[in-house]
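**Student:** Would you mind keeping the following structure in view while I ask a few things?
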Amino acid sequence: LFPYTTLFRSGDVWRNRCRLHDTGVAPLEGYRPSNSRDREENLLAGSNRMSLTALNFYGWLAGAVLVFYSLPAKWRVAYLLAVSCAFYLANSILFFFLLVATTACVFWIGLRLGEPQDDRERTHLFLLGLLPVIGVLVLFKVLNVTTSIAAPLGLSYYTFKLVSYLIEVYRDKNQVERSALRFAAFSTFAAQMVSGPIQRHFDFLPQLTKSRFLQFDFGFIESGLRLILGGLLLKLA
């Protein structure tokens with residue numbers, strides 16, 4: 001959504017300039033709005049590199065899928081994680097470490113919630129994991145409005161994905177994922193990092209052990225391509 005909101009902001013700046021021109025009032029010398037046009041264009045250009053409507057995204061996706069099916073099944077989860085990390089690092093090294101820290105925090109809290117504890121301690125642990133994750137999202141939303149600092153790539157998507165995981169584990173300790181590798185692959189999954197949808201862990205994680213994941217299935221690939229095409233048409237509409 002970021003590229004579109006940036007375009008809307010650029011339109012607002014342009015309309016304000018037109019109003020000043022129509023009223024005969026010259027803008028102040030050296031005046032630059034807080035969301036300057038140059039900064040918006042730079043941020044928009046950076047976002048387009050990760051856009052689902054960009055051809056280079058599908059080039060990356062095709063290459064990732066080919067390598068995925070050429071690897072032994074036991075290495076595929078690790079490969080998914082590596083590709084997702086590389087995808088995020090290509091956007092921002094600094095914000096990548098924020099994603100790693102958030103993932104590690106939620107994974108640890110999830111493990112603790114999966115242990116036998118009284119209700120009060122479980123509630124404290126749940127809030128301990130929930131508040132920092134939500135707090136980071138709120139902080140960047142405020143910074144984006146007040147200083148034009150763009151939020152990290154996919155922050156809303158992976159935040160709500162991890163919050164959903166914490167809620168499910170809080171309600172049912174049997175929902176906890178004890179594999180750090182599988183959980184990290186879920187948290188950082190690149191294909192849904194840009195435009196979602198928000199993935200639930202009980203939908204994603206079981207797929208890592210299904211036969212379609214372990215062996216090549218042309219029908220599965222065809223079904224995925226149909227979904228991608230349908231989503232792309234809806235996004236462009």
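Ordering of the structure tokens sets the chain letters (A, B, ...); residue numbers start at 1 within each chain; ligands are numbered from 1 in the order shown.
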With a distance cut-off of 12 Å and only C-alpha atoms, select the neighbouring residues of stretch 50-66 of chain A, excluding the residue or stretch itself and same-chain residues fewer than 6 positions from it, and output the selection as a PyMOL selection string.

**Tutor:** chain A and resi 1-4+43-44+76+79-84+86-92+153-154+190-196+213+216+221+224-225+228-229+231-237

**Student:** Contacts of A:Lys210 at 12 Å or less, counting only C-alpha atoms, minus same-chain residues fewer than 6 places along, as number ranges by chain?

**Tutor:** A: 73, 203-204, 216-217, 220

**Student:** I need the residues from that last selection saved to file as an mmCIF file, in the first residue's frame (with all heavy atoms), if you can.

**Tutor:**
```cif
data_model
loop_
_atom_site.group_PDB
_atom_site.id
_atom_site.type_symbol
_atom_site.label_atom_id
_atom_site.label_comp_id
_atom_site.auth_asym_id
_atom_site.auth_seq_id
_atom_site.Cartn_x
_atom_site.Cartn_y
_atom_site.Cartn_z
ATOM 1 N N ALA A 73 14.456 -32.377 -0.111
ATOM 2 C CA ALA A 73 13.343 -31.900 0.711
ATOM 3 C C ALA A 73 13.800 -31.398 2.075
ATOM 4 O O ALA A 73 13.249 -30.434 2.612
ATOM 5 C CB ALA A 73 12.308 -33.011 0.875
ATOM 6 N N ASP A 203 -2.190 -22.240 9.169
ATOM 7 C CA ASP A 203 -2.352 -22.477 7.736
ATOM 8 C C ASP A 203 -1.011 -22.712 7.052
ATOM 9 O O ASP A 203 -0.911 -23.523 6.130
ATOM 10 C CB ASP A 203 -3.046 -21.280 7.073
ATOM 11 C CG ASP A 203 -4.499 -21.142 7.472
ATOM 12 O OD1 ASP A 203 -5.137 -22.179 7.735
ATOM 13 O OD2 ASP A 203 -4.987 -20.002 7.543
ATOM 14 N N PHE A 204 0.015 -21.983 7.518
ATOM 15 C CA PHE A 204 1.318 -22.022 6.853
ATOM 16 C C PHE A 204 2.170 -23.217 7.276
ATOM 17 O O PHE A 204 2.673 -23.976 6.433
ATOM 18 C CB PHE A 204 2.072 -20.725 7.142
ATOM 19 C CG PHE A 204 3.424 -20.636 6.504
ATOM 20 C CD1 PHE A 204 3.569 -20.137 5.224
ATOM 21 C CD2 PHE A 204 4.562 -21.040 7.192
ATOM 22 C CE1 PHE A 204 4.828 -20.054 4.626
ATOM 23 C CE2 PHE A 204 5.811 -20.965 6.612
ATOM 24 C CZ PHE A 204 5.939 -20.468 5.329
ATOM 25 N N PHE A 216 7.789 -32.368 -6.393
ATOM 26 C CA PHE A 216 7.280 -31.472 -7.419
ATOM 27 C C PHE A 216 5.884 -31.901 -7.843
ATOM 28 O O PHE A 216 5.640 -33.074 -8.104
ATOM 29 C CB PHE A 216 8.215 -31.457 -8.628
ATOM 30 C CG PHE A 216 7.764 -30.532 -9.724
ATOM 31 C CD1 PHE A 216 8.041 -29.180 -9.660
ATOM 32 C CD2 PHE A 216 7.044 -31.025 -10.805
ATOM 33 C CE1 PHE A 216 7.628 -28.324 -10.663
ATOM 34 C CE2 PHE A 216 6.622 -30.172 -11.817
ATOM 35 C CZ PHE A 216 6.923 -28.824 -11.740
ATOM 36 N N ASP A 217 4.967 -30.941 -7.893
ATOM 37 C CA ASP A 217 3.588 -31.210 -8.300
ATOM 38 C C ASP A 217 3.178 -30.132 -9.295
ATOM 39 O O ASP A 217 2.957 -28.979 -8.910
ATOM 40 C CB ASP A 217 2.676 -31.212 -7.075
ATOM 41 C CG ASP A 217 1.252 -31.651 -7.397
ATOM 42 O OD1 ASP A 217 0.791 -31.397 -8.524
ATOM 43 O OD2 ASP A 217 0.603 -32.251 -6.518
ATOM 44 N N PHE A 220 -0.038 -28.322 -8.605
ATOM 45 C CA PHE A 220 0.108 -27.360 -7.522
ATOM 46 C C PHE A 220 0.715 -26.063 -8.041
ATOM 47 O O PHE A 220 0.287 -24.965 -7.667
ATOM 48 C CB PHE A 220 0.988 -27.974 -6.430
ATOM 49 C CG PHE A 220 0.984 -27.219 -5.146
ATOM 50 C CD1 PHE A 220 -0.200 -26.821 -4.558
ATOM 51 C CD2 PHE A 220 2.179 -26.899 -4.504
ATOM 52 C CE1 PHE A 220 -0.207 -26.126 -3.358
ATOM 53 C CE2 PHE A 220 2.183 -26.210 -3.307
ATOM 54 C CZ PHE A 220 0.985 -25.816 -2.738
#
```

**Student:** One decimal, Å: what's the distance from atom CA of A:Phe186 over to atom CA of A:Lys74, could you say?

**Tutor:**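 Distance between the two atoms: 16.4 Å.
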
**Student:** So that I can see what lies close to A:Leu155, please list as a VMD selection string the residues with an atom at most 10 Å from it, counting only C-alpha atoms and leaving out residues fewer than 6 positions away in the same chain.

**Tutor:** chain A and resid 95 98 to 99 133 136 to 137 140 to 141 161 193 to 194

**Student:** Go ahead and write the selection's residues with all heavy atoms as a PDB file, in the first residue's frame.

**Tutor:**
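Listed below is the output, selection_21.pdb:
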```
ATOM      1  N   PHE A  95      16.548  -2.509   8.938  1.00  0.00           N
ATOM      2  CA  PHE A  95      15.220  -2.996   9.311  1.00  0.00           C
ATOM      3  C   PHE A  95      15.150  -4.523   9.315  1.00  0.00           C
ATOM      4  O   PHE A  95      14.244  -5.098   9.914  1.00  0.00           O
ATOM      5  CB  PHE A  95      14.168  -2.412   8.378  1.00  0.00           C
ATOM      6  CG  PHE A  95      13.924  -0.946   8.601  1.00  0.00           C
ATOM      7  CD1 PHE A  95      13.488  -0.137   7.565  1.00  0.00           C
ATOM      8  CD2 PHE A  95      14.136  -0.376   9.847  1.00  0.00           C
ATOM      9  CE1 PHE A  95      13.258   1.215   7.766  1.00  0.00           C
ATOM     10  CE2 PHE A  95      13.918   0.979  10.060  1.00  0.00           C
ATOM     11  CZ  PHE A  95      13.475   1.770   9.016  1.00  0.00           C
ATOM     12  N   LEU A  98      15.572  -5.541  12.774  1.00  0.00           N
ATOM     13  CA  LEU A  98      14.333  -5.351  13.521  1.00  0.00           C
ATOM     14  C   LEU A  98      13.420  -6.558  13.341  1.00  0.00           C
ATOM     15  O   LEU A  98      12.812  -7.037  14.310  1.00  0.00           O
ATOM     16  CB  LEU A  98      13.626  -4.072  13.050  1.00  0.00           C
ATOM     17  CG  LEU A  98      12.257  -3.803  13.669  1.00  0.00           C
ATOM     18  CD1 LEU A  98      12.371  -3.612  15.179  1.00  0.00           C
ATOM     19  CD2 LEU A  98      11.610  -2.583  13.010  1.00  0.00           C
ATOM     20  N   LEU A  99      13.318  -7.060  12.115  1.00  0.00           N
ATOM     21  CA  LEU A  99      12.523  -8.261  11.848  1.00  0.00           C
ATOM     22  C   LEU A  99      13.068  -9.462  12.607  1.00  0.00           C
ATOM     23  O   LEU A  99      12.304 -10.251  13.191  1.00  0.00           O
ATOM     24  CB  LEU A  99      12.510  -8.538  10.339  1.00  0.00           C
ATOM     25  CG  LEU A  99      11.854  -9.847   9.884  1.00  0.00           C
ATOM     26  CD1 LEU A  99      10.389  -9.902  10.296  1.00  0.00           C
ATOM     27  CD2 LEU A  99      11.992 -10.003   8.374  1.00  0.00           C
ATOM     28  N   VAL A 133       5.848  -5.544  20.320  1.00  0.00           N
ATOM     29  CA  VAL A 133       5.590  -5.746  18.889  1.00  0.00           C
ATOM     30  C   VAL A 133       4.627  -4.686  18.373  1.00  0.00           C
ATOM     31  O   VAL A 133       4.861  -4.051  17.331  1.00  0.00           O
ATOM     32  CB  VAL A 133       5.036  -7.170  18.642  1.00  0.00           C
ATOM     33  CG1 VAL A 133       4.658  -7.332  17.182  1.00  0.00           C
ATOM     34  CG2 VAL A 133       6.054  -8.210  19.046  1.00  0.00           C
ATOM     35  N   VAL A 136       6.292  -1.083  18.383  1.00  0.00           N
ATOM     36  CA  VAL A 136       7.147  -0.759  17.236  1.00  0.00           C
ATOM     37  C   VAL A 136       6.301  -0.315  16.047  1.00  0.00           C
ATOM     38  O   VAL A 136       6.641   0.662  15.354  1.00  0.00           O
ATOM     39  CB  VAL A 136       8.010  -1.978  16.852  1.00  0.00           C
ATOM     40  CG1 VAL A 136       8.710  -1.750  15.519  1.00  0.00           C
ATOM     41  CG2 VAL A 136       9.035  -2.265  17.942  1.00  0.00           C
ATOM     42  N   LEU A 137       5.186  -1.002  15.823  1.00  0.00           N
ATOM     43  CA  LEU A 137       4.297  -0.622  14.719  1.00  0.00           C
ATOM     44  C   LEU A 137       3.743   0.785  14.922  1.00  0.00           C
ATOM     45  O   LEU A 137       3.765   1.611  14.000  1.00  0.00           O
ATOM     46  CB  LEU A 137       3.155  -1.641  14.611  1.00  0.00           C
ATOM     47  CG  LEU A 137       2.078  -1.330  13.560  1.00  0.00           C
ATOM     48  CD1 LEU A 137       2.677  -1.304  12.165  1.00  0.00           C
ATOM     49  CD2 LEU A 137       0.943  -2.341  13.652  1.00  0.00           C
ATOM     50  N   PHE A 140       6.465   3.565  14.331  1.00  0.00           N
ATOM     51  CA  PHE A 140       6.762   3.888  12.941  1.00  0.00           C
ATOM     52  C   PHE A 140       5.595   4.561  12.239  1.00  0.00           C
ATOM     53  O   PHE A 140       5.797   5.378  11.329  1.00  0.00           O
ATOM     54  CB  PHE A 140       7.192   2.628  12.187  1.00  0.00           C
ATOM     55  CG  PHE A 140       8.661   2.315  12.335  1.00  0.00           C
ATOM     56  CD1 PHE A 140       9.096   1.352  13.219  1.00  0.00           C
ATOM     57  CD2 PHE A 140       9.598   3.004  11.589  1.00  0.00           C
ATOM     58  CE1 PHE A 140      10.445   1.063  13.359  1.00  0.00           C
ATOM     59  CE2 PHE A 140      10.949   2.736  11.725  1.00  0.00           C
ATOM     60  CZ  PHE A 140      11.364   1.767  12.615  1.00  0.00           C
ATOM     61  N   LYS A 141       4.363   4.243  12.636  1.00  0.00           N
ATOM     62  CA  LYS A 141       3.213   4.938  12.062  1.00  0.00           C
ATOM     63  C   LYS A 141       3.236   6.411  12.448  1.00  0.00           C
ATOM     64  O   LYS A 141       2.952   7.295  11.632  1.00  0.00           O
ATOM     65  CB  LYS A 141       1.916   4.286  12.550  1.00  0.00           C
ATOM     66  CG  LYS A 141       1.686   2.877  12.016  1.00  0.00           C
ATOM     67  CD  LYS A 141       1.591   2.844  10.512  1.00  0.00           C
ATOM     68  CE  LYS A 141       1.309   1.440  10.006  1.00  0.00           C
ATOM     69  NZ  LYS A 141       1.264   1.381   8.520  1.00  0.00           N
ATOM     70  N   LYS A 161       0.764 -10.766  11.855  1.00  0.00           N
ATOM     71  CA  LYS A 161       0.968 -12.209  11.759  1.00  0.00           C
ATOM     72  C   LYS A 161       1.513 -12.765  13.067  1.00  0.00           C
ATOM     73  O   LYS A 161       1.045 -13.804  13.560  1.00  0.00           O
ATOM     74  CB  LYS A 161       1.925 -12.501  10.589  1.00  0.00           C
ATOM     75  CG  LYS A 161       2.241 -13.961  10.401  1.00  0.00           C
ATOM     76  CD  LYS A 161       2.843 -14.221   9.028  1.00  0.00           C
ATOM     77  CE  LYS A 161       4.118 -13.497   8.773  1.00  0.00           C
ATOM     78  NZ  LYS A 161       4.752 -13.918   7.495  1.00  0.00           N
ATOM     79  N   MET A 193       5.294 -10.651   2.169  1.00  0.00           N
ATOM     80  CA  MET A 193       5.847  -9.548   2.947  1.00  0.00           C
ATOM     81  C   MET A 193       5.440  -8.188   2.385  1.00  0.00           C
ATOM     82  O   MET A 193       5.316  -7.211   3.126  1.00  0.00           O
ATOM     83  CB  MET A 193       7.375  -9.651   2.995  1.00  0.00           C
ATOM     84  CG  MET A 193       8.042  -8.669   3.937  1.00  0.00           C
ATOM     85  SD  MET A 193       7.587  -8.904   5.664  1.00  0.00           S
ATOM     86  CE  MET A 193       8.515 -10.397   6.066  1.00  0.00           C
ATOM     87  N   VAL A 194       5.202  -8.121   1.081  1.00  0.00           N
ATOM     88  CA  VAL A 194       4.944  -6.825   0.447  1.00  0.00           C
ATOM     89  C   VAL A 194       3.474  -6.438   0.512  1.00  0.00           C
ATOM     90  O   VAL A 194       3.132  -5.320   0.895  1.00  0.00           O
ATOM     91  CB  VAL A 194       5.425  -6.840  -1.019  1.00  0.00           C
ATOM     92  CG1 VAL A 194       5.126  -5.508  -1.680  1.00  0.00           C
ATOM     93  CG2 VAL A 194       6.903  -7.152  -1.084  1.00  0.00           C
TER      94      VAL A 194
END
```

**Student:** Using only C-alpha atoms for the distances, tell me which of A:Asn144, A:Ser164, A:Ser156, A:Ser187 is nearest to A:Arg200.

**Tutor:** A:Ser164

**Student:** Contacts of A:Gly110 at 7 Å or less, counting only C-alpha atoms, minus same-chain residues fewer than 3 places along, as a ChimeraX atom specification?

**Tutor:** /A:106-107,113-114,166,169,176

**Student:** Go through A:Ile109, A:Val77, A:Leu128, A:Leu71 and flag the residue nearest A:Gln207, using only C-alpha atoms for the distances.

**Tutor:**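 Closest residue, counting only C-alpha atoms: A:Val77.
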
**Student:** Given only C-alpha atoms as the basis, pick out the residue of A:Ala78, A:Pro152, A:Asp119, A:Val138 nearest to A:Asp172.

**Tutor:**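 The shortest atom-to-atom distance to A:Asp172 comes from A:Asp119.
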
**Student:** Taking only C-alpha atoms into account, name the residue in A:Leu131, A:Thr103, A:Gly219, A:Phe202 that is nearest to A:Asn174.

**Tutor:**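 Smallest separation from A:Asn174 among the options: A:Phe202.
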
**Student:** Could you state the separation of atom CA of A:His201 and atom CA of A:Phe183 in Å, given to one decimal place?

**Tutor:** 8.5 Å

**Student:** Ranking A:Trp75, A:Tyr69, A:Tyr170, A:Tyr157 by minimum distance to A:Thr188 and counting only C-alpha atoms, which one comes first?

**Tutor:**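 Of A:Trp75, A:Tyr69, A:Tyr170, A:Tyr157, the one nearest A:Thr188, counting only C-alpha atoms, is A:Tyr157.
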
**Student:** Which one is closest to A:Glu177: A:Leu111, A:Ile149, A:Leu214, A:Leu94? Count only C-alpha atoms.

**Tutor:** A:Leu111
